[in-house]
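Visitor: This is the structure, below, for whatever I ask next.
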Amino acid sequence: MTGALLEVERLTMEFRTHRGTGGGRVQAVRGVSFTIGRGEILGLVGETGSGKTTVGKCVVRLLNPSAGTVTFDGQDITRVPRGKLRQLRARFQMVFQDPYSSLDPRMTVARIVAEPVRAHTADSVTEVRAKAAKAIERVGLPPGVLQRLPHELSGGQRQRVGLARALVLEPQLLIADEPVSALDVSVRAGILNLLADLQRSMGFSCLFITHDLSVAEFLCDRVAVLYLGEIVEVGTRDELFADPRHPYTQSLLAAAPLPDPVRQRGRAGARLSGEPASNVTPPPGCGLNPRCPLADDRCVAEAPAFTVVSAFGHMTRCHRVQEQQSGQ
Amino acid sequence: MNTDLGNPVPVPAEPGGSGRSSGVPVLSIRDLSVAYRTGAGDVRAVDKVTVDLHAGEVVGLVGESGSGKSTLAYGATRLLRAPAVITSGTVHYQGRRVRTPVDVLELSADQLVGMRWREIAIVFQSAMNALNPVLNIHDQLTDVIRAHLPVTRREATDKAAGLLDLVGIPRTRLRSYPHELSGGMRQRVMIAMALAGEPKLLVLDEPTTALDVTTQAQILDIVRDLRSRTGMAILLITHDLGVVADIADRIVVMYAGAKVEEADVYDLFRAPRHPYAAGLLGALPGSAVARREAGQLRLAEIPGMVPVLRAPLESCAFAPRCQRATDQCRVQPPLLTPCGPADDHAVACFHPEPVATVPA
Ligand SMILES: Nc1ncnc2c1ncn2[C@@H]1O[C@H](COP(=O)(O)OP(=O)(O)OP(=O)(O)O)[C@@H](O)[C@H]1O
Ligand SMILES: Nc1ncnc2c1ncn2[C@@H]1O[C@H](COP(=O)(O)OP(=O)(O)OP(=O)(O)O)[C@@H](O)[C@H]1O
Ligand code: SF4
Ligand SMILES: [Mg+2]
Ligand SMILES: [Mg+2]
C-alpha cells in the first residue's frame, strides 16, 4: 500500500451567521492541510473554537466542507454522494467529545454498540451480539454493562462504550474528538493506555483531537497545532514538545497548569494576553498578531508561509521563525 | 423556619479570599448519604460524607469517575430526582439573606426556588449542552437575570454584556445561538449565567474540562477574582489535579461514595496519605520525556474500577485495588481519622503512610 490513509488539502469550512453578528461568515477552518499515515496517530491540538471539531466533522463528512478535498484511502470523498458515503462510513468512525450526550439514552449498551454492525453488515442476530460483546470486552468493561442504559454508567464507562461502538467494525480510521477530556486522571490513564494498545493490536490510523498537550504528547506520533482555523505548527511529537517554535505553541505549553501547588502558584504568568480574534473577521496577516509578543509590522501585513525547521518535517508558520532560519 | 427568601436585600460583600476556614460555614454537609433506587437494589452513591465550605474558600472535590462527586454536590443542593433518595444527613446553609442556618434538605420547593442563583448557583457537568438551542445568548442570559434580579430590560442587557466580558466572550456574540459557539464558549456562557445572581455559594462541576489551557487559566483567574471580591464559597469538582493545585485551598478526595482524605492543598500534594490519593497523583501524564527515559511507556493506572456499592461495607472499599491492603483492611472499613502534623488533615485508611511525590 502506498500513500497516506488520509489526505486533507486546503480544507475550508465557513458557516453563515445570523444577521445580528454583522452578517458575516464564521471562518471556522481556513485552508487546513495534513496527512495521516497508515497506523499513525496524528494529534490535533488548539484552543476552544479553533476549529478542531469542525475539521473532524468535515473529514467524516458530518459537515460538507466549503472548499478543499478529503482523500481517504486514495478516494476523494469530498463530493461523494450520501448513499455511497454510507458504505464508506464503516471504514471511518468517530468518538465524540462528550460522553454524556453522544449515547442514545433510551438504548441499552448492547444495542448502542451493535448498531453499526446492524447498519453496515448482514450479520445474524447471534453474530451481531457476539461482536458487541467482544467490543465491550476489548474496551475493558464487564459483560454486565451490556444490559444497562447510558445514564446508569459513569463518564469513563460511557466513553468506553463510545469507543466500543466506534471500533466494533474494525475501522481503518478513528476520529477521536476529545475522548478523555471529561474524564478524571486515573480513568483517563486507563483509556489512553487502552487506545494505545488497541491501536497497536488493530492497526487503525487516528486523528486525535485534544486541547490537552500532555495527552497529545503521550499518545500521538505527530502533532498539528491549530489556531483560528489554521495549522500554525506541525511536527513529530518529540520535536514539537522538545523544541516548540511557534509563539502560540510555546504559550500553550507555558499555560498548562502543573500538578504541584508550590510550582504552579510560584510561576510567572507566561500566558497569552487578550482575546482570541474573531473568526468572523480574522485579523489580516498572521492570525496570532493581535496577541503575539513577537509581532511586528510584517505580521500584520502578510500571512506567514510554512517554514520547514527540521529534516523530519517539523514546520511552522511564523515570520520571526522564518527570519531566524534564513539568518542562520 | 425564618427564611425570608422572597425579598432580595443587597448585602455588602464581605472581604474574603484568605482561604482560611473560620466562623460558620456557608454550607455544612453532615453525614450525607444518597442512594439510587434501581431495579437491582439500592446503589449507595454517597455514604455519610461530611464537608464544610467556608466563605472565600475554594474546596476541590476530586475522585475517580463514579466515586459520587456529582451526586454529593447535587444531593447537598437538592437537585437530585428519582431514583435518587437522600438516606441520611443534614445540609446547613447560611448566606446572603439566610442569616440563621437552614437545613437545605428541609426546604419546601418554593423556598428552594428562592435559593437558586441568588444563594447557590451551579454549573453542571457537561452544562455546555444545556443551553436552549432556539434562544440566542442574549435572551438566555437576560431571562435568568430578570427572573432573579429586579432590573429593567435595558439593565438586564447591560448586565448580560458585562457577564460576557467577565468570561472573555466578545459582546458581539450576544446575538449568537448556542450551535454557533464552540463547546468552550458555551461552557463560559453557562458560567456567566451562574454568576448572574451573585451567589454566595458556587458549585462548579468539571467547569474547565472542555477548555484549552489558555481559556482555562482565564476562567480560573475569574473564579479567583470573584472569590476574593465577593467572599463566595466555591466547590470545585474536577479530575484535573493541575486545576486543584492552581486554585483550591483544600482538597476532598472521594472514593466509592466516601470521603477518604481531606487536607490543605499543599499538604495533600506534598505527601498524600491515602493510597488512592497517591495513585491519582501517579496517573498524571506528566513529562513524556521523563517517562520514556525511565522506560515507562504506559501511564500508571490504578488497576480495577470504582465498585458500585449495594450493601454496607464490611471492608475498606479500596482494598481490592490497594497494594498496601492487609487482612485488617478486608474485615472492617477504616474510619476517617486525623493524621499528620496539620490539624485539618484526615484520612480513612489503616496504613496511611505519607508518600513523597516527585515533582511533575
Ligand atoms: N454550525 C455552526 N454554525 C456557525 N458557527 C459554527 C458552527 N459550528 C461551529 N461554529 C464555529 O466554528 C468555530 C470552530 O468551532 P469548533 O467546534 O470546530 O471548535 P473546537 O476547536 O472544536 O472548540 P472546542 O475545543 O471548544 O470544542 C467556532 O467559532 C464555532 O462557534
Ligand atoms: N440514575 C442513576 N441510577 C443508578 N445509578 C446511578 C445513577 N446516577 C449515578 N449512578 C451511580 O452512582 C455512582 C456515583 O455517580 P456520580 O455521577 O455521582 O459520580 P462522579 O464522581 O460525579 O463521576 P464522574 O466523574 O464520572 O462525573 C456511580 O456508581 C454511578 O454509576
Ligand atoms: S508570525 Fe508574527 S504574529 Fe504570528 S506568531 Fe510569528 S511573530 Fe507572532
Ligand atoms: Mg470541539
Ligand atoms: Mg460527575
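Ordered as shown in the C-alpha cells, chains take letters A, B, and onward, while each chain numbers its residues from 1 and ligands are numbered from 1 in the order shown.
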Return as number ranges by chain the full set of residues in region 58-300 of chain A whose backbone-based DSSP assignment is strand (DSSP E or B).

Guide: A: 67-72, 75-76, 92-95, 173-177, 205-210, 222-227, 230-236

Visitor: Name the residues, by chain letter and number, that sit within 12 Å of ligand 3 using only C-alpha atoms and all ligand atoms, and give them as a VMD selection string.

Guide: chain A and resid 227 to 228 230 to 233 244 to 251 272 283 to 307 316 to 324

Visitor: For Asp104 (chain A), list every protein, DNA or RNA residue within 9 Å, evaluated using only C-alpha atoms, and leave out those in the same chain fewer than 4 positions away; present the list as a list in words.

Guide: Thr108, Ile112, Leu149 and Pro150 of chain A

Visitor: Can you tell me which residues come within 10 Å of ligand 4 when counting only C-alpha atoms and all ligand atoms, ideally as a PDB file with C-alpha atoms, in the first residue's frame?

Guide:
```
ATOM      1  CA  GLY A  46      -5.651  24.016  19.779  1.00  0.00           C
ATOM      2  CA  GLU A  47      -7.761  26.253  21.916  1.00  0.00           C
ATOM      3  CA  THR A  48     -11.505  26.313  22.145  1.00  0.00           C
ATOM      4  CA  GLY A  49     -13.167  27.492  18.957  1.00  0.00           C
ATOM      5  CA  SER A  50     -10.036  26.971  16.883  1.00  0.00           C
ATOM      6  CA  GLY A  51     -11.909  24.574  14.606  1.00  0.00           C
ATOM      7  CA  LYS A  52     -10.769  21.127  15.760  1.00  0.00           C
ATOM      8  CA  THR A  53     -14.219  19.542  15.889  1.00  0.00           C
ATOM      9  CA  THR A  54     -15.144  21.146  12.576  1.00  0.00           C
ATOM     10  CA  VAL A  55     -12.073  19.574  10.937  1.00  0.00           C
ATOM     11  CA  GLY A  56     -13.069  16.185  12.375  1.00  0.00           C
ATOM     12  CA  LYS A  57     -16.643  16.509  11.186  1.00  0.00           C
ATOM     13  CA  PHE A  96     -17.214  12.334  20.366  1.00  0.00           C
ATOM     14  CA  GLN A  97     -16.125  14.959  22.849  1.00  0.00           C
ATOM     15  CA  ASP A  98     -18.972  14.440  25.268  1.00  0.00           C
ATOM     16  CA  ASP A 177     -12.764  14.142  19.431  1.00  0.00           C
ATOM     17  CA  GLU A 178     -11.573  14.888  22.968  1.00  0.00           C
ATOM     18  CA  ILE A 209      -8.414  15.864  18.791  1.00  0.00           C
ATOM     19  CA  THR A 210      -7.487  17.310  22.159  1.00  0.00           C
ATOM     20  CA  HIS A 211      -6.803  20.566  23.903  1.00  0.00           C
TER      21      HIS A 211
ATOM     22  CA  LEU B 181     -20.475  28.627  19.623  1.00  0.00           C
ATOM     23  CA  SER B 182     -17.765  26.102  20.279  1.00  0.00           C
ATOM     24  CA  GLY B 183     -18.040  23.855  23.320  1.00  0.00           C
ATOM     25  CA  GLY B 184     -15.732  26.010  25.377  1.00  0.00           C
ATOM     26  CA  ALA B 210     -13.764  21.266  27.780  1.00  0.00           C
ATOM     27  CA  LEU B 211     -11.494  24.297  27.762  1.00  0.00           C
TER      28      LEU B 211
END
```

Visitor: What are the closest atom pairs, with distances in Å to one decimal, for all residues of chain B lying within 7 Å of ligand 5? Consider only C-alpha atoms and all ligand atoms, order rows by chain and residue number, and present the result as CSV.

Guide:
```
residue,atom,partner,partner_atom_place_in_ligand_line,distance
B:Ser65,CA,ligand 5,1 (Mg),6.7
B:Gly66,CA,ligand 5,1 (Mg),6.9
B:Gly68,CA,ligand 5,1 (Mg),6.9
B:Lys69,CA,ligand 5,1 (Mg),5.6
B:Ser70,CA,ligand 5,1 (Mg),4.1
B:Gln125,CA,ligand 5,1 (Mg),6.3
B:Asp205,CA,ligand 5,1 (Mg),6.8
```

Visitor: Using only C-alpha atoms and all ligand atoms, which of B:Ile169, B:Val26, B:Leu131, B:Met115 sits nearest ligand 1?

Guide: B:Ile169
